[in-house]
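Peer 1: Can you read through this structure? Questions will come right after.
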Amino acid sequence: MIWNETIECMDREEMRKLQSIRLKRVVEHAYHNTPFYRKKMQEAGISPEDIESVDDISKLPFTTKQDLRDNYPFGLMAVPMSEVVRLHASSGTTGKPIVVGYTRKDLSIWSEVVARCLYAYGVTKEDIVQVSYGYGLFTGGLGLHDGVQKIGGTVIPMSSGNTQKQIQLMHDFGAKALACTPSYALFLGETIRDSGLPREEFQLKVGIFGAEPWTENMRKEIEESLGIKAYDIYGLTEISGPGVGCECEYQDGTHLWEDHFYPEIIDPETLQPLPAGEQGELVFTTITKEGMPMLRYRTRDLTSLHYETCRCGRTAVRMSRILGRSDDMLIIRGVNVFPSQVESVILELPEFEPHYVIHVDRINNVDTFQVQVEVRPEYYSDEMNKILELKKKITDRLQSVIGLQPDVKIVEPRSIERSMGKAKRVFDNRKLV
Ligand code: ADP
Ligand code: ZN
């Protein structure tokens, strides 16, 4: 199902024209209303007249998370605060939070793009959607909430936490779709298994999962555990929140809603734009945002873009699965390691639960790399050599995929803390020194 066929299936040439008109407008808006952007553009020696079309976008300077921090809280607003009707914030990992402000129109566009996602998943006004992303400053809860209301569906504003109650209400109310992080979906699946409530009494069919990187293997795991089809939803606070893009029924990449969020891929080292299909850092320009426009915002997310028409009929560009954020990449003894590679290996092996943590440290000037993973109850054993066998199996597999030997610690089922929001799986203690 397609919510907005005119836009989602628009001829690519038409889309470029629309994007160019909108880009010109947003650049003017930012230049005239945000001293930060005006200064940056002046320093780069350009003015709004230099931007004729999206072909000129690379003339614009980049915007980074640091710029948002430096202008905390409202320095990047392009409208008077009386026009701002909502604030959200993301904690990030360090430093001051990032604050974003939305006008009424910004909120309306946000719910429009979430509506497109819901339709792409086959969710309509007939359906009940349980929103188990956190409500509050985090964009997940309210973002999905407004989208469900936009299509006229029934929203259960659960927020995260209170896991037993989540299961009970999902069962009693007959939720068809569940929106939460993939890691919380795993925890909910586990809790359903333990609850004794028969799975066939649940109406759940669709999972709307995002806000953190997840792998194809994790998708299979969640789908089996909950008996559903699991879809990706992508977004970030700086650009609006969840719903910047989503998967369609073919799950052949995540469609991005580029009539509002113009994407580019750049080489994170040279900062030069990369051609379609090549992997690099995703950069967005919000071409319709009023409250806090973002010009060439560097997401740090690593992915690639594909412009062929999708089997679903949508022409909207597709982004491949996010490998991780460039700042999530660990460099251990000189080797680049993405947590998603570790996840992929663990989930490939039937003996292990999809629960793991990675500890990195530096002892006597040498990096240590420990992976803790839970063994499945049916493989759990008191016999030392059985555990050693398992340990060897996973160590070898990780070594061949990553090119680095980890110190694997096999732990008992249920011993790793479960997450209700974004999972924290990497502990790099070297950063503390
Ligand atoms: P924070 O920066 O505090 O995590 P956000 O909630 O804005 O705050 O997080 C946005 C980031 O979450 C994205 O830049 C991306 O790294 C990650 N993310 C969101 N959705 C997905 C997804 N579907 N797949 C992978 N990563 C995702
Ligand atoms: Zn598609």
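Ordering of the structure tokens sets the chain letters (A, B, ...); residue numbers start at 1 within each chain; ligands are numbered from 1 in the order shown.
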Would you give me, as CSV, each residue of chain A having an atom within 9 Å of an atom of ligand 2, along with its shortest atom pair and that distance in Å to one decimal, using only C-alpha atoms and all ligand atoms and sorting by chain and residue number?
Peer 2:
residue,atom,partner,partner_atom_place_in_ligand_line,distance
A:Ala120,CA,ligand 2,1 (Zn),8.1
A:Glu247,CA,ligand 2,1 (Zn),6.7
A:Cys248,CA,ligand 2,1 (Zn),4.6
A:Glu249,CA,ligand 2,1 (Zn),6.6
A:Tyr250,CA,ligand 2,1 (Zn),5.8
A:Gln251,CA,ligand 2,1 (Zn),6.9
A:Asp252,CA,ligand 2,1 (Zn),6.7
A:Gly253,CA,ligand 2,1 (Zn),7.5
A:Thr254,CA,ligand 2,1 (Zn),7.8
A:His255,CA,ligand 2,1 (Zn),6.6
A:Thr309,CA,ligand 2,1 (Zn),7.8
A:Cys310,CA,ligand 2,1 (Zn),4.5
A:Arg311,CA,ligand 2,1 (Zn),5.7
A:Cys312,CA,ligand 2,1 (Zn),4.3
A:Gly313,CA,ligand 2,1 (Zn),6.5
A:Arg314,CA,ligand 2,1 (Zn),5.5
A:Thr315,CA,ligand 2,1 (Zn),7.9
A:Ala316,CA,ligand 2,1 (Zn),7.9
A:Val317,CA,ligand 2,1 (Zn),9.0
A:Arg318,CA,ligand 2,1 (Zn),7.8
Peer 1: For A:Ser340, list every protein, DNA or RNA residue within 9 Å, evaluated using only C-alpha atoms, and leave out those in the same chain fewer than 6 positions away; present the list as a list in words.
Peer 2: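 With the cut-off at 9 Å, the set is Pro213, Trp214, Thr215, Leu323 and Gly324 of chain A.
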Peer 1: Would you tabulate, counting only C-alpha atoms, all residues of stretch 100-205 of chain A that have an atom at most 9 Å from an atom of stretch 281-296 of chain A, showing the closest pair of atoms and their distance in Å to one decimal, sorted by chain then ascending number, as CSV?
Peer 2:
residue,atom,partner,partner_atom,distance
A:Val100,CA,A:Met292,CA,6.6
A:Gly101,CA,A:Gly291,CA,5.6
A:Tyr102,CA,A:Gly291,CA,5.0
A:Thr103,CA,A:Gly291,CA,5.3
A:Arg104,CA,A:Gly291,CA,9.0
A:Lys105,CA,A:Glu290,CA,7.6
A:Asp106,CA,A:Lys289,CA,5.9
A:Ile109,CA,A:Thr288,CA,8.5
Peer 1: Taking only C-alpha atoms and all ligand atoms into account, which residues have an atom no farther than 7 Å from ligand 1? I'd like them as a PyMOL selection string.
Peer 2: chain A and resi 90-93+138-139+209-214+232-238+241-242+299-301+321-322+324-325
Peer 1: Residues within 6 Å of stretch 265-277 of chain A, please, as a PyMOL selection string. Count only C-alpha atoms; anything in the same chain fewer than 5 positions from it doesn't count.
Peer 2: chain A and resi 282+304-306
Peer 1: Give me, as a list of chain:residue names, all polymer residues having an atom no more than 8 Å from stretch 193-202 of chain A, counting only C-alpha atoms and skipping those fewer than 5 positions away in the same chain.
Peer 2: A:Met170, A:His171, A:Gly174, A:Ala175, A:Leu226
Peer 1: Would you please give, as a VMD selection string, all residues of stretch 49-191 of chain A that DSSP assigns to alpha helix (DSSP H) based on the backbone?
Peer 2: chain A and resid 65 to 70 104 to 120 139 to 151 163 to 173 182 to 191
Peer 1: From the set A:Tyr72, A:Tyr297, A:Tyr380, A:Tyr119, which residue has the shortest atom-to-atom contact distance to A:Gly147, counting only C-alpha atoms?
Peer 2: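 Using only C-alpha atoms, A:Gly147 sits closest to A:Tyr119.
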Peer 1: Between A:Met1, A:Ala230, A:Leu178, A:Leu68, which residue has the minimum interatomic distance to A:Arg298, considering only C-alpha atoms?
Peer 2: A:Leu68
Peer 1: Near A:Ile394, within 9 Å and counting only C-alpha atoms, which residues show up once chain neighbours fewer than 3 positions away are dropped, as a list of chain:residue names?
Peer 2: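 Everything that qualifies: A:Val345, A:Ile346, A:Leu349, A:Glu389, A:Leu390, A:Lys391, A:Arg397, A:Leu398, A:Gln399, A:Val408.
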Peer 1: Only N, CA, C and O atoms, please: the residues just picked out, written as a PDB file, in the first residue's frame.
Peer 2:
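Just written: part-v3.pdb:
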ATOM      1  N   VAL A 345      27.754 -12.534  13.519  1.00  0.00           N
ATOM      2  CA  VAL A 345      28.352 -13.846  13.786  1.00  0.00           C
ATOM      3  C   VAL A 345      27.602 -14.555  14.910  1.00  0.00           C
ATOM      4  O   VAL A 345      27.238 -15.726  14.789  1.00  0.00           O
ATOM      5  N   ILE A 346      27.324 -13.839  15.981  1.00  0.00           N
ATOM      6  CA  ILE A 346      26.658 -14.475  17.128  1.00  0.00           C
ATOM      7  C   ILE A 346      25.302 -15.037  16.712  1.00  0.00           C
ATOM      8  O   ILE A 346      24.931 -16.153  17.068  1.00  0.00           O
ATOM      9  N   LEU A 349      25.084 -18.413  14.736  1.00  0.00           N
ATOM     10  CA  LEU A 349      25.366 -19.681  15.408  1.00  0.00           C
ATOM     11  C   LEU A 349      24.187 -20.051  16.314  1.00  0.00           C
ATOM     12  O   LEU A 349      23.800 -19.265  17.175  1.00  0.00           O
ATOM     13  N   GLU A 389      34.474 -26.048  23.862  1.00  0.00           N
ATOM     14  CA  GLU A 389      34.195 -26.322  22.444  1.00  0.00           C
ATOM     15  C   GLU A 389      33.399 -25.179  21.816  1.00  0.00           C
ATOM     16  O   GLU A 389      33.705 -24.697  20.724  1.00  0.00           O
ATOM     17  N   LEU A 390      32.375 -24.756  22.560  1.00  0.00           N
ATOM     18  CA  LEU A 390      31.551 -23.639  22.082  1.00  0.00           C
ATOM     19  C   LEU A 390      32.394 -22.384  21.926  1.00  0.00           C
ATOM     20  O   LEU A 390      32.276 -21.639  20.958  1.00  0.00           O
ATOM     21  N   LYS A 391      33.237 -22.179  22.905  1.00  0.00           N
ATOM     22  CA  LYS A 391      34.079 -20.988  22.906  1.00  0.00           C
ATOM     23  C   LYS A 391      35.004 -20.987  21.692  1.00  0.00           C
ATOM     24  O   LYS A 391      35.166 -19.967  21.025  1.00  0.00           O
ATOM     25  N   ARG A 397      35.105 -18.286  14.430  1.00  0.00           N
ATOM     26  CA  ARG A 397      34.215 -17.635  13.464  1.00  0.00           C
ATOM     27  C   ARG A 397      34.404 -16.105  13.515  1.00  0.00           C
ATOM     28  O   ARG A 397      34.500 -15.439  12.482  1.00  0.00           O
ATOM     29  N   LEU A 398      34.484 -15.561  14.739  1.00  0.00           N
ATOM     30  CA  LEU A 398      34.686 -14.110  14.874  1.00  0.00           C
ATOM     31  C   LEU A 398      36.026 -13.711  14.269  1.00  0.00           C
ATOM     32  O   LEU A 398      36.124 -12.721  13.549  1.00  0.00           O
ATOM     33  N   GLN A 399      37.021 -14.521  14.551  1.00  0.00           N
ATOM     34  CA  GLN A 399      38.347 -14.201  14.018  1.00  0.00           C
ATOM     35  C   GLN A 399      38.338 -14.167  12.489  1.00  0.00           C
ATOM     36  O   GLN A 399      38.931 -13.287  11.879  1.00  0.00           O
ATOM     37  N   VAL A 408      36.562 -14.561  24.107  1.00  0.00           N
ATOM     38  CA  VAL A 408      35.122 -14.786  24.255  1.00  0.00           C
ATOM     39  C   VAL A 408      34.829 -15.302  25.651  1.00  0.00           C
ATOM     40  O   VAL A 408      35.498 -16.193  26.150  1.00  0.00           O
TER      41      VAL A 408
END
Peer 1: Taking the DSSP assignment computed from this structure's backbone, write out as a ChimeraX atom specification all residues of stretch 213-313 of chain A that belong to strand (DSSP E or B).
Peer 2: /A:229-236,241-247,254-256,261-266,273,280-286,297-303,305-306
Peer 1: Quick one: of A:Ile151, A:Leu87, A:Arg25, A:Ile358, who's nearest to A:Phe338, counting only C-alpha atoms?
Peer 2: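 Between A:Ile151, A:Leu87, A:Arg25, A:Ile358, the residue approaching A:Phe338 most closely is A:Ile358.
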Peer 1: Name all residues at most 10 Å from A:Tyr31 (count only C-alpha atoms; drop same-chain ones fewer than 6 positions away) and give them as a count of residues only.
Peer 2: 10
Peer 1: Counting only C-alpha atoms, which of A:Val244, A:Met158, A:Gly122, A:Tyr184 gets nearest to A:Lys205?
Peer 2: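 For A:Lys205, the nearest of the candidates is A:Gly122.
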Peer 1: Atom CA of A:Glu8 and atom CA of A:Glu223 are how many Å apart?
Peer 2: 27.1 Å
Peer 1: List the neighbours of A:Lys17 out to 12 Å using only C-alpha atoms; skip same-chain residues closer than 2 positions along the sequence, and give me the result as an MDAnalysis selection string.
Peer 2: chainID A and resid 10:15 19:24 52:55 258:259
